[in-house]
file upload27.txt (compact mmCIF, C-alpha atoms)
# COMPACT_ATOMS: atom_id res chain seq x y z
CA MET E 181 -1.31 31.29 2.78
CA ALA E 182 -4.31 30.00 4.76
CA PRO E 183 -4.13 30.07 8.57
CA GLY E 184 -2.64 26.88 9.96
CA SER E 185 -1.14 25.80 6.64
CA VAL E 186 2.43 24.57 6.37
CA SER E 187 5.08 27.05 5.25
CA ASP E 188 8.03 26.19 3.02
CA SER E 189 10.38 26.46 6.00
CA ALA E 190 8.21 24.10 8.06
CA ALA E 191 8.34 21.54 5.26
CA ALA E 192 11.90 20.76 6.29
CA ALA E 193 10.52 19.03 9.41
CA PHE E 194 8.41 15.96 8.80
CA THR E 195 7.78 12.60 10.44
CA LYS E 196 8.71 9.21 9.01
CA SER E 197 5.02 8.46 8.57
CA GLU E 198 4.49 11.67 6.59
CA MET E 199 7.43 10.80 4.34
CA MET E 200 6.01 7.31 3.81
CA ILE E 201 2.56 8.64 2.92
CA VAL E 202 3.96 11.21 0.49
CA ALA E 203 6.26 8.67 -1.20
CA ALA E 204 3.37 6.22 -1.59
CA ALA E 205 1.08 8.90 -3.02
CA ARG E 206 3.67 9.89 -5.63
CA GLU E 207 3.93 6.27 -6.81
CA LEU E 208 0.28 6.53 -7.87
CA ALA E 209 0.97 9.19 -10.52
CA GLY E 210 -0.75 8.21 -13.76
CA GLN E 211 -2.93 5.49 -12.22
CA ARG E 212 -6.62 5.48 -13.13
CA VAL E 213 -8.62 3.22 -10.79
CA CYS E 214 -7.45 2.41 -7.27
CA PHE E 215 -8.99 0.06 -4.70
CA VAL E 216 -8.48 1.79 -1.35
CA GLY E 217 -7.76 0.24 2.04
CA VAL E 218 -8.13 1.90 5.43
CA GLY E 219 -5.40 3.52 7.54
CA LEU E 220 -2.18 4.61 5.85
CA PRO E 221 -3.26 3.44 2.35
CA ASN E 222 -6.37 5.59 2.72
CA ILE E 223 -4.35 8.74 3.46
CA ALA E 224 -1.82 8.04 0.69
CA VAL E 225 -4.47 7.47 -1.96
CA ASN E 226 -6.49 10.54 -0.97
CA LEU E 227 -3.27 12.61 -1.05
CA ALA E 228 -2.52 11.30 -4.56
CA LYS E 229 -6.04 12.24 -5.64
CA ARG E 230 -5.36 15.81 -4.49
CA THR E 231 -1.89 16.05 -6.08
CA VAL E 232 -0.36 13.70 -8.67
CA ALA E 233 -3.46 11.75 -9.75
CA PRO E 234 -6.49 14.08 -9.84
CA GLU E 235 -8.29 11.89 -12.39
CA MET E 236 -7.92 8.72 -10.33
CA GLU E 237 -11.13 6.95 -9.34
CA LEU E 238 -11.24 5.72 -5.73
CA VAL E 239 -12.95 2.42 -5.02
CA TYR E 240 -13.93 1.38 -1.50
CA GLU E 241 -14.72 -2.16 -0.41
CA ALA E 242 -18.13 -1.23 1.01
CA GLY E 243 -19.41 -0.60 -2.52
CA ALA E 244 -18.44 2.94 -3.57
CA PHE E 245 -16.87 3.48 -7.01
CA GLY E 246 -15.46 6.86 -8.01
CA ALA E 247 -15.64 8.14 -4.43
CA ARG E 248 -14.78 11.75 -3.62
CA PRO E 249 -14.79 11.74 0.19
CA ALA E 250 -15.50 15.13 1.77
CA ARG E 251 -13.06 14.16 4.54
CA LEU E 252 -10.75 11.24 5.27
CA PRO E 253 -12.94 8.15 5.81
CA LEU E 254 -12.55 6.53 9.21
CA SER E 255 -13.34 3.08 7.82
CA ILE E 256 -14.65 1.43 4.67
CA GLY E 257 -18.15 1.85 6.12
CA ASP E 258 -17.88 5.59 6.75
CA PRO E 259 -20.81 7.37 5.00
CA THR E 260 -18.42 10.00 3.59
CA ILE E 261 -17.09 7.51 1.04
CA VAL E 262 -20.27 7.85 -1.03
CA THR E 263 -19.80 11.63 -1.41
CA GLY E 264 -19.91 12.38 -5.13
CA ALA E 265 -19.44 8.69 -6.01
CA THR E 266 -20.00 7.58 -9.58
CA ALA E 267 -21.78 4.46 -8.34
CA VAL E 268 -22.80 2.95 -5.00
CA THR E 269 -23.29 -0.81 -5.15
CA SER E 270 -23.33 -3.83 -2.88
CA MET E 271 -20.02 -5.41 -1.92
CA PHE E 272 -20.99 -8.43 -4.04
CA GLU E 273 -21.46 -6.30 -7.14
CA LEU E 274 -18.25 -4.35 -6.51
CA PHE E 275 -16.12 -7.46 -6.18
CA THR E 276 -17.85 -9.40 -8.97
CA PHE E 277 -18.23 -6.78 -11.68
CA TYR E 278 -15.42 -4.34 -10.91
CA LEU E 279 -12.58 -6.23 -9.20
CA GLN E 280 -13.08 -9.69 -10.70
CA GLY E 281 -14.12 -7.98 -13.92
CA GLY E 282 -10.58 -6.61 -14.31
CA LEU E 283 -11.44 -2.94 -13.89
CA ILE E 284 -9.05 -2.16 -10.99
CA ASP E 285 -5.60 -0.84 -11.92
CA VAL E 286 -4.09 -0.70 -8.42
CA GLY E 287 -4.96 -2.30 -5.12
CA PHE E 288 -3.40 -0.50 -2.16
CA LEU E 289 -2.81 -2.71 0.89
CA GLY E 290 -1.18 -2.70 4.30
CA ALA E 291 0.26 -5.76 6.03
CA ALA E 292 1.36 -7.20 9.36
CA GLN E 293 4.03 -9.37 7.70
CA ILE E 294 5.54 -9.41 4.22
CA ASP E 295 8.27 -11.57 2.70
CA ARG E 296 10.84 -10.87 -0.02
CA PHE E 297 8.36 -11.90 -2.74
CA GLY E 298 5.58 -9.61 -1.54
CA ASN E 299 3.41 -12.32 0.02
CA ILE E 300 1.30 -10.75 2.79
CA ASN E 301 0.04 -11.94 6.17
CA THR E 302 -2.84 -10.16 7.90
CA THR E 303 -4.33 -13.25 9.58
CA VAL E 304 -2.23 -14.55 12.49
CA ILE E 305 1.18 -14.21 14.13
CA GLY E 306 2.41 -17.64 15.15
CA ASP E 307 0.73 -21.01 14.61
CA TYR E 308 -2.73 -20.70 13.04
CA ASP E 309 -4.47 -22.95 15.60
CA GLU E 310 -2.78 -21.34 18.61
CA PRO E 311 -1.55 -17.94 17.42
CA THR E 312 0.40 -15.44 19.45
CA THR E 313 -1.75 -12.71 17.90
CA ARG E 314 -4.92 -13.06 15.87
CA LEU E 315 -5.14 -10.29 13.26
CA PRO E 316 -8.19 -8.89 11.39
CA GLY E 317 -7.79 -11.37 8.54
CA SER E 318 -8.20 -10.93 4.82
CA GLY E 319 -11.39 -8.96 4.37
CA GLY E 320 -11.12 -8.15 0.68
CA ALA E 321 -7.30 -8.13 0.64
CA CYS E 322 -6.84 -11.54 -0.95
CA GLU E 323 -9.27 -10.77 -3.78
CA ILE E 324 -7.54 -7.42 -4.32
CA ALA E 325 -4.10 -9.06 -4.36
CA ILE E 326 -5.03 -11.58 -7.03
CA ASN E 327 -7.27 -9.46 -9.26
CA ALA E 328 -5.98 -5.87 -9.23
CA ARG E 329 -3.55 -5.34 -12.10
CA GLN E 330 -0.90 -4.11 -9.65
CA VAL E 331 -0.59 -4.17 -5.87
CA PHE E 332 1.03 -1.38 -3.86
CA VAL E 333 1.90 -1.98 -0.20
CA ILE E 334 2.52 0.61 2.49
CA MET E 335 3.79 -0.43 5.94
CA ARG E 336 6.35 0.41 8.58
CA GLN E 337 9.58 -1.56 8.34
CA SER E 338 10.90 -3.83 11.10
CA ARG E 339 12.26 -7.34 11.49
CA ARG E 340 8.89 -8.37 12.92
CA SER E 341 7.08 -7.29 9.76
CA PHE E 342 9.66 -7.92 6.99
CA VAL E 343 10.30 -11.61 7.58
CA GLU E 344 12.03 -14.50 5.83
CA SER E 345 8.85 -16.58 6.05
CA ILE E 346 5.39 -15.23 6.85
CA ASP E 347 3.31 -17.14 9.42
CA PHE E 348 0.23 -17.28 7.17
CA ARG E 349 -0.26 -16.33 3.53
CA THR E 350 -3.36 -14.17 3.50
CA SER E 351 -2.68 -12.47 0.17
CA PRO E 352 -0.37 -13.98 -2.47
CA GLY E 353 2.38 -11.86 -3.95
CA ASN E 354 5.04 -13.35 -6.19
CA LEU E 355 4.73 -16.60 -4.24
CA GLY E 356 8.12 -18.34 -4.55
CA GLY E 357 9.31 -16.21 -7.46
CA ALA E 358 8.01 -14.46 -10.56
CA GLY E 359 8.01 -17.49 -12.88
CA ASN E 360 6.22 -19.74 -10.43
CA ALA E 361 3.77 -16.96 -9.56
CA ALA E 362 2.92 -16.24 -13.21
CA GLN E 363 2.15 -19.91 -13.86
CA ILE E 364 -0.06 -20.21 -10.78
CA ARG E 365 -1.89 -16.99 -11.63
CA ARG E 366 -2.62 -18.27 -15.14
CA GLU E 367 -3.79 -21.66 -13.88
CA GLN E 368 -6.04 -20.11 -11.25
CA GLY E 369 -7.45 -17.47 -13.57
CA TRP E 370 -6.17 -14.58 -11.46
CA LEU E 371 -6.15 -11.28 -13.34
CA GLY E 372 -3.41 -9.39 -11.49
CA ARG E 373 0.35 -9.34 -12.00
CA GLY E 374 1.12 -9.13 -8.28
CA PRO E 375 2.98 -6.56 -6.18
CA SER E 376 4.77 -3.67 -7.85
CA VAL E 377 5.75 -1.28 -5.05
CA VAL E 378 6.38 -1.47 -1.31
CA VAL E 379 6.75 1.85 0.52
CA THR E 380 8.02 1.91 4.11
CA ASP E 381 9.10 4.54 6.60
CA LEU E 382 12.69 3.97 5.39
CA GLY E 383 12.48 3.67 1.63
CA ILE E 384 10.83 2.55 -1.60
CA TYR E 385 11.07 -0.99 -2.95
CA HIS E 386 10.22 -2.38 -6.37
CA PHE E 387 10.55 -5.96 -7.64
CA ASP E 388 13.23 -7.53 -9.82
CA ASP E 389 12.41 -9.72 -12.82
CA ASP E 390 12.57 -12.81 -10.58
CA GLY E 391 9.93 -11.34 -8.26
CA GLU E 392 12.15 -10.39 -5.31
CA MET E 393 11.91 -7.06 -3.52
CA ARG E 394 14.67 -4.54 -4.29
CA LEU E 395 15.53 -1.32 -2.45
CA ASP E 396 15.54 1.55 -4.94
CA SER E 397 15.29 4.67 -2.78
CA LEU E 398 16.04 5.69 0.80
CA HIS E 399 14.13 8.46 2.54
CA HIS E 400 15.93 11.44 4.06
CA GLY E 401 17.55 10.41 7.34
CA ALA E 402 17.45 6.68 6.58
CA SER E 403 20.58 4.67 5.89
CA LEU E 404 21.34 1.47 4.05
CA GLU E 405 22.59 -0.02 7.32
CA GLU E 406 19.25 0.77 8.98
CA ALA E 407 17.34 -0.77 6.07
CA ARG E 408 19.41 -3.96 6.26
CA ALA E 409 19.01 -4.15 10.06
CA THR E 410 15.22 -3.95 9.89
CA ILE E 411 14.62 -6.65 7.32
CA GLY E 412 14.62 -10.40 7.89
CA TRP E 413 16.54 -11.52 4.80
CA ASP E 414 19.62 -10.56 2.81
CA LEU E 415 18.36 -7.32 1.31
CA ARG E 416 18.64 -6.87 -2.45
CA VAL E 417 19.78 -3.34 -3.32
CA ALA E 418 19.68 -1.46 -6.62
CA PRO E 419 23.08 -0.56 -8.16
CA THR E 420 22.28 3.09 -7.49
CA VAL E 421 20.04 3.85 -4.51
CA GLU E 422 18.26 7.19 -4.91
CA THR E 423 17.26 9.60 -2.16
CA THR E 424 13.51 10.13 -1.94
CA PRO E 425 12.65 13.82 -2.43
CA PRO E 426 11.26 15.25 0.84
CA PRO E 427 7.61 16.26 1.20
CA THR E 428 6.65 19.67 -0.16
CA ALA E 429 4.87 22.32 1.86
CA GLU E 430 1.70 21.61 -0.14
CA GLU E 431 1.82 17.87 0.57
CA LEU E 432 2.38 18.38 4.29
CA ALA E 433 -0.41 20.95 4.48
CA LEU E 434 -2.86 18.52 2.89
CA ILE E 435 -1.88 15.78 5.33
CA ARG E 436 -1.86 17.92 8.48
CA ASP E 437 -4.75 20.29 7.76
CA GLU E 438 -7.12 18.03 5.86
CA LEU E 439 -6.34 14.32 5.73
CA ASP E 440 -5.06 13.59 9.24
CA ARG E 441 -5.70 16.69 11.32
CA GLY E 442 -5.40 14.85 14.63
CA GLY E 443 -2.19 13.08 13.60
CA ALA E 444 -3.69 9.66 14.29
CA TYR E 445 -1.54 8.04 11.60
CA THR E 446 1.28 10.52 11.08
CA LYS E 447 2.74 11.30 14.52

call {"tool": "encode", "arguments": {"input": "upload27.txt", "output": "structure tokens"}}
result
Amino acid sequence: MAPGSVSDSAAAAFTKSEMMIVAAARELAGQRVCFVGVGLPNIAVNLAKRTVAPEMELVYEAGAFGARPARLPLSIGDPTIVTGATAVTSMFELFTFYLQGGLIDVGFLGAAQIDRFGNINTTVIGDYDEPTTRLPGSGGACEIAINARQVFVIMRQSRRSFVESIDFRTSPGNLGGAGNAAQIRREQGWLGRGPSVVVTDLGIYHFDDDGEMRLDSLHHGASLEEARATIGWDLRVAPTVETTPPPTAEELALIRDELDRGGAYTK
């Protein structure tokens, strides 16, 4: 075992953020082309590339397709994202020919607010004209949400973030329900099917046939009562809620020794 790597015994101790990253990475098994965001999505996708999805192509908003970053990128403009890339293009070409061309299997996003139908707010908290907090905005998130075949979301769970009604719809999910969303997506010419997975620091959520979020798995140490208490609506729960398998020693070593050595996102 390399110096500083995580032993099997140490794997028993992990943070909520590490569990969330590992769970999100595992959801990417079998995916082929993934549009990568910064922060937690970035770590999760790069972990998946090193474990369950070695053939996955990473796409970064700045214009890199098939990226193989030598280290974890600090932002979408970090020069390391072009390392070993299949193609380096302008943002216009990436969005026009790749994303809007239907070549992205999964878009991986974070959010400040999300509702039961997977609609996302990253624009403002409060009234748009006089917000309590002004957030970074959409960037490419809206285009990703409507054109990637599937959308995965990773975010920490609280009543402030999982809300009955988001303050601003930056990126559409299942809108008011799956049927309504499908009709709107057809009418607007959107290519994507909407959100598929939401991974939090408490559990893993998928979506029912009517487009509403459903709790399918709880992470070690999390309880159903805690999940209900940190969500702003009457939580829908699967008939059998699984327990998410804990991180392995290999997964933790990759996170701690390579992907987030300073613990900026995982402590």

call {"tool": "closest_residue", "arguments": {"input": "upload27.txt", "among": "E:Gly412, E:Gly401, E:Gly391, E:Gly372", "to": "Val286 of chain E", "atoms": "only C-alpha atoms"}}
result
E:Gly372

call {"tool": "residues_around", "arguments": {"input": "upload27.txt", "residues": "Val417 of chain E", "least_positions_apart": "3", "cutoff": "9 Å", "atoms": "only C-alpha atoms", "output": "mmCIF file with C-alpha atoms, in the coordinates of the input"}}
result
data_model
loop_
_atom_site.group_PDB
_atom_site.id
_atom_site.type_symbol
_atom_site.label_atom_id
_atom_site.label_comp_id
_atom_site.auth_asym_id
_atom_site.auth_seq_id
_atom_site.Cartn_x
_atom_site.Cartn_y
_atom_site.Cartn_z
ATOM 1 C CA MET E 393 11.910 -7.060 -3.520
ATOM 2 C CA ARG E 394 14.670 -4.540 -4.290
ATOM 3 C CA LEU E 395 15.530 -1.320 -2.450
ATOM 4 C CA ASP E 396 15.540 1.550 -4.940
ATOM 5 C CA LEU E 404 21.340 1.470 4.050
ATOM 6 C CA THR E 420 22.280 3.090 -7.490
ATOM 7 C CA VAL E 421 20.040 3.850 -4.510
#

call {"tool": "atom_distance", "arguments": {"input": "upload27.txt", "atom1": "atom CA of Thr276 of chain E", "atom2": "atom CA of Pro259 of chain E"}}
result
22.0 Å

call {"tool": "closest_residue", "arguments": {"input": "upload27.txt", "among": "E:Val239, E:Ala409, E:Ala203, E:Ala444", "to": "Thr424 of chain E", "atoms": "all atoms listed in the file"}}
result
E:Ala203

call {"tool": "closest_residue", "arguments": {"input": "upload27.txt", "among": "E:Asp258, E:Glu241, E:Glu310, E:Glu367", "to": "Leu289 of chain E", "atoms": "all atoms listed in the file"}}
result
E:Glu241

call {"tool": "closest_residue", "arguments": {"input": "upload27.txt", "among": "E:Asn301, E:Glu273, E:Ala407, E:Val262", "to": "Tyr385 of chain E", "atoms": "all atoms listed in the file"}}
result
E:Ala407

call {"tool": "closest_residue", "arguments": {"input": "upload27.txt", "among": "E:Arg230, E:Leu382, E:Phe215, E:Arg336", "to": "Glu323 of chain E", "atoms": "all atoms listed in the file"}}
result
E:Phe215

call {"tool": "atom_distance", "arguments": {"input": "upload27.txt", "atom1": "atom CA of Pro234 of chain E", "atom2": "atom CA of Ile435 of chain E"}}
result
15.9 Å

call {"tool": "residues_near_point", "arguments": {"input": "upload27.txt", "point": "(-13.0, 10.4, 5.4)", "cutoff": "12 Å", "atoms": "only C-alpha atoms", "output": "CSV table (one decimal) with C-alpha atoms, keeping the file's coordinate frame"}}
result
chain,number,residue,atom,x,y,z
E,216,VAL,CA,-8.5,1.8,-1.4
E,217,GLY,CA,-7.8,0.2,2.0
E,218,VAL,CA,-8.1,1.9,5.4
E,219,GLY,CA,-5.4,3.5,7.5
E,222,ASN,CA,-6.4,5.6,2.7
E,223,ILE,CA,-4.4,8.7,3.5
E,225,VAL,CA,-4.5,7.5,-2.0
E,226,ASN,CA,-6.5,10.5,-1.0
E,227,LEU,CA,-3.3,12.6,-1.0
E,240,TYR,CA,-13.9,1.4,-1.5
E,247,ALA,CA,-15.6,8.1,-4.4
E,248,ARG,CA,-14.8,11.8,-3.6
E,249,PRO,CA,-14.8,11.7,0.2
E,250,ALA,CA,-15.5,15.1,1.8
E,251,ARG,CA,-13.1,14.2,4.5
E,252,LEU,CA,-10.8,11.2,5.3
E,253,PRO,CA,-12.9,8.2,5.8
E,254,LEU,CA,-12.6,6.5,9.2
E,255,SER,CA,-13.3,3.1,7.8
E,256,ILE,CA,-14.6,1.4,4.7
E,257,GLY,CA,-18.2,1.8,6.1
E,258,ASP,CA,-17.9,5.6,6.8
E,259,PRO,CA,-20.8,7.4,5.0
E,260,THR,CA,-18.4,10.0,3.6
E,261,ILE,CA,-17.1,7.5,1.0
E,262,VAL,CA,-20.3,7.8,-1.0
E,263,THR,CA,-19.8,11.6,-1.4
E,438,GLU,CA,-7.1,18.0,5.9
E,439,LEU,CA,-6.3,14.3,5.7
E,440,ASP,CA,-5.1,13.6,9.2
E,441,ARG,CA,-5.7,16.7,11.3

call {"tool": "residues_around", "arguments": {"input": "upload27.txt", "residues": "Glu344 of chain E", "least_positions_apart": "4", "cutoff": "8 Å", "atoms": "all atoms listed in the file", "output": "JSON, numbers by chain"}}
result
{"E": [295, 296, 412, 413]}

call {"tool": "closest_residue", "arguments": {"input": "upload27.txt", "among": "E:His386, E:Arg339, E:Arg206, E:Lys196", "to": "Gly298 of chain E", "atoms": "all atoms listed in the file"}}
result
E:His386

call {"tool": "residues_around", "arguments": {"input": "upload27.txt", "residues": "Ser197 of chain E", "least_positions_apart": "6", "cutoff": "10 Å", "atoms": "only C-alpha atoms", "output": "PyMOL selection string"}}
result
chain E and resi 203+220+335-336+380-382+443+445-447

call {"tool": "write_last_selection", "arguments": {"input": "upload27.txt", "atoms": "C-alpha atoms", "output": "PDB file, in the coordinates of the input"}}
result
ATOM      1  CA  ALA E 203       6.260   8.670  -1.200  1.00  0.00           C
ATOM      2  CA  LEU E 220      -2.180   4.610   5.850  1.00  0.00           C
ATOM      3  CA  MET E 335       3.790  -0.430   5.940  1.00  0.00           C
ATOM      4  CA  ARG E 336       6.350   0.410   8.580  1.00  0.00           C
ATOM      5  CA  THR E 380       8.020   1.910   4.110  1.00  0.00           C
ATOM      6  CA  ASP E 381       9.100   4.540   6.600  1.00  0.00           C
ATOM      7  CA  LEU E 382      12.690   3.970   5.390  1.00  0.00           C
ATOM      8  CA  GLY E 443      -2.190  13.080  13.600  1.00  0.00           C
ATOM      9  CA  TYR E 445      -1.540   8.040  11.600  1.00  0.00           C
ATOM     10  CA  THR E 446       1.280  10.520  11.080  1.00  0.00           C
ATOM     11  CA  LYS E 447       2.740  11.300  14.520  1.00  0.00           C
TER      12      LYS E 447
END

call {"tool": "residues_near_point", "arguments": {"input": "upload27.txt", "point": "(4.8, -14.0, -9.3)", "cutoff": "9 Å", "atoms": "only C-alpha atoms", "output": "PyMOL selection string"}}
result
chain E and resi 297-298+352-365+373-375+390-391

call {"tool": "build_atoms", "arguments": {"input": "upload27.txt", "residues": "segment 417-432 of chain E", "atoms": "N, CA and C atoms", "output": "JSON list (two decimals), keeping the file's coordinate frame"}}
result
[["chain", "number", "residue", "atom", "x", "y", "z"],
["E", 417, "VAL", "N", 19.66, -4.79, -3.20],
["E", 417, "VAL", "CA", 19.78, -3.34, -3.32],
["E", 417, "VAL", "C", 20.08, -2.97, -4.77],
["E", 418, "ALA", "N", 19.44, -1.94, -5.26],
["E", 418, "ALA", "CA", 19.68, -1.46, -6.62],
["E", 418, "ALA", "C", 21.12, -0.97, -6.76],
["E", 419, "PRO", "N", 21.70, -1.04, -7.96],
["E", 419, "PRO", "CA", 23.08, -0.56, -8.16],
["E", 419, "PRO", "C", 23.26, 0.88, -7.71],
["E", 420, "THR", "N", 22.26, 1.71, -7.96],
["E", 420, "THR", "CA", 22.28, 3.09, -7.49],
["E", 420, "THR", "C", 21.02, 3.34, -6.67],
["E", 421, "VAL", "N", 21.18, 3.60, -5.38],
["E", 421, "VAL", "CA", 20.04, 3.85, -4.51],
["E", 421, "VAL", "C", 19.80, 5.37, -4.47],
["E", 422, "GLU", "N", 18.60, 5.77, -4.89],
["E", 422, "GLU", "CA", 18.26, 7.19, -4.91],
["E", 422, "GLU", "C", 17.90, 7.68, -3.51],
["E", 423, "THR", "N", 17.79, 8.99, -3.38],
["E", 423, "THR", "CA", 17.26, 9.60, -2.16],
["E", 423, "THR", "C", 15.87, 10.14, -2.46],
["E", 424, "THR", "N", 14.89, 9.70, -1.71],
["E", 424, "THR", "CA", 13.51, 10.13, -1.94],
["E", 424, "THR", "C", 13.39, 11.63, -1.70],
["E", 425, "PRO", "N", 12.85, 12.39, -2.66],
["E", 425, "PRO", "CA", 12.65, 13.82, -2.43],
["E", 425, "PRO", "C", 11.75, 14.05, -1.23],
["E", 426, "PRO", "N", 12.07, 15.01, -0.37],
["E", 426, "PRO", "CA", 11.26, 15.25, 0.84],
["E", 426, "PRO", "C", 9.88, 15.78, 0.50],
["E", 427, "PRO", "N", 8.95, 15.71, 1.44],
["E", 427, "PRO", "CA", 7.61, 16.26, 1.20],
["E", 427, "PRO", "C", 7.66, 17.76, 0.93],
["E", 428, "THR", "N", 6.77, 18.23, 0.08],
["E", 428, "THR", "CA", 6.65, 19.67, -0.16],
["E", 428, "THR", "C", 5.74, 20.29, 0.89],
["E", 429, "ALA", "N", 5.76, 21.61, 0.94],
["E", 429, "ALA", "CA", 4.87, 22.32, 1.86],
["E", 429, "ALA", "C", 3.41, 22.00, 1.55],
["E", 430, "GLU", "N", 3.08, 21.92, 0.26],
["E", 430, "GLU", "CA", 1.70, 21.61, -0.14],
["E", 430, "GLU", "C", 1.29, 20.22, 0.35],
["E", 431, "GLU", "N", 2.15, 19.24, 0.16],
["E", 431, "GLU", "CA", 1.82, 17.87, 0.57],
["E", 431, "GLU", "C", 1.63, 17.78, 2.08],
["E", 432, "LEU", "N", 2.51, 18.42, 2.84],
["E", 432, "LEU", "CA", 2.38, 18.38, 4.29],
["E", 432, "LEU", "C", 1.14, 19.12, 4.76]]
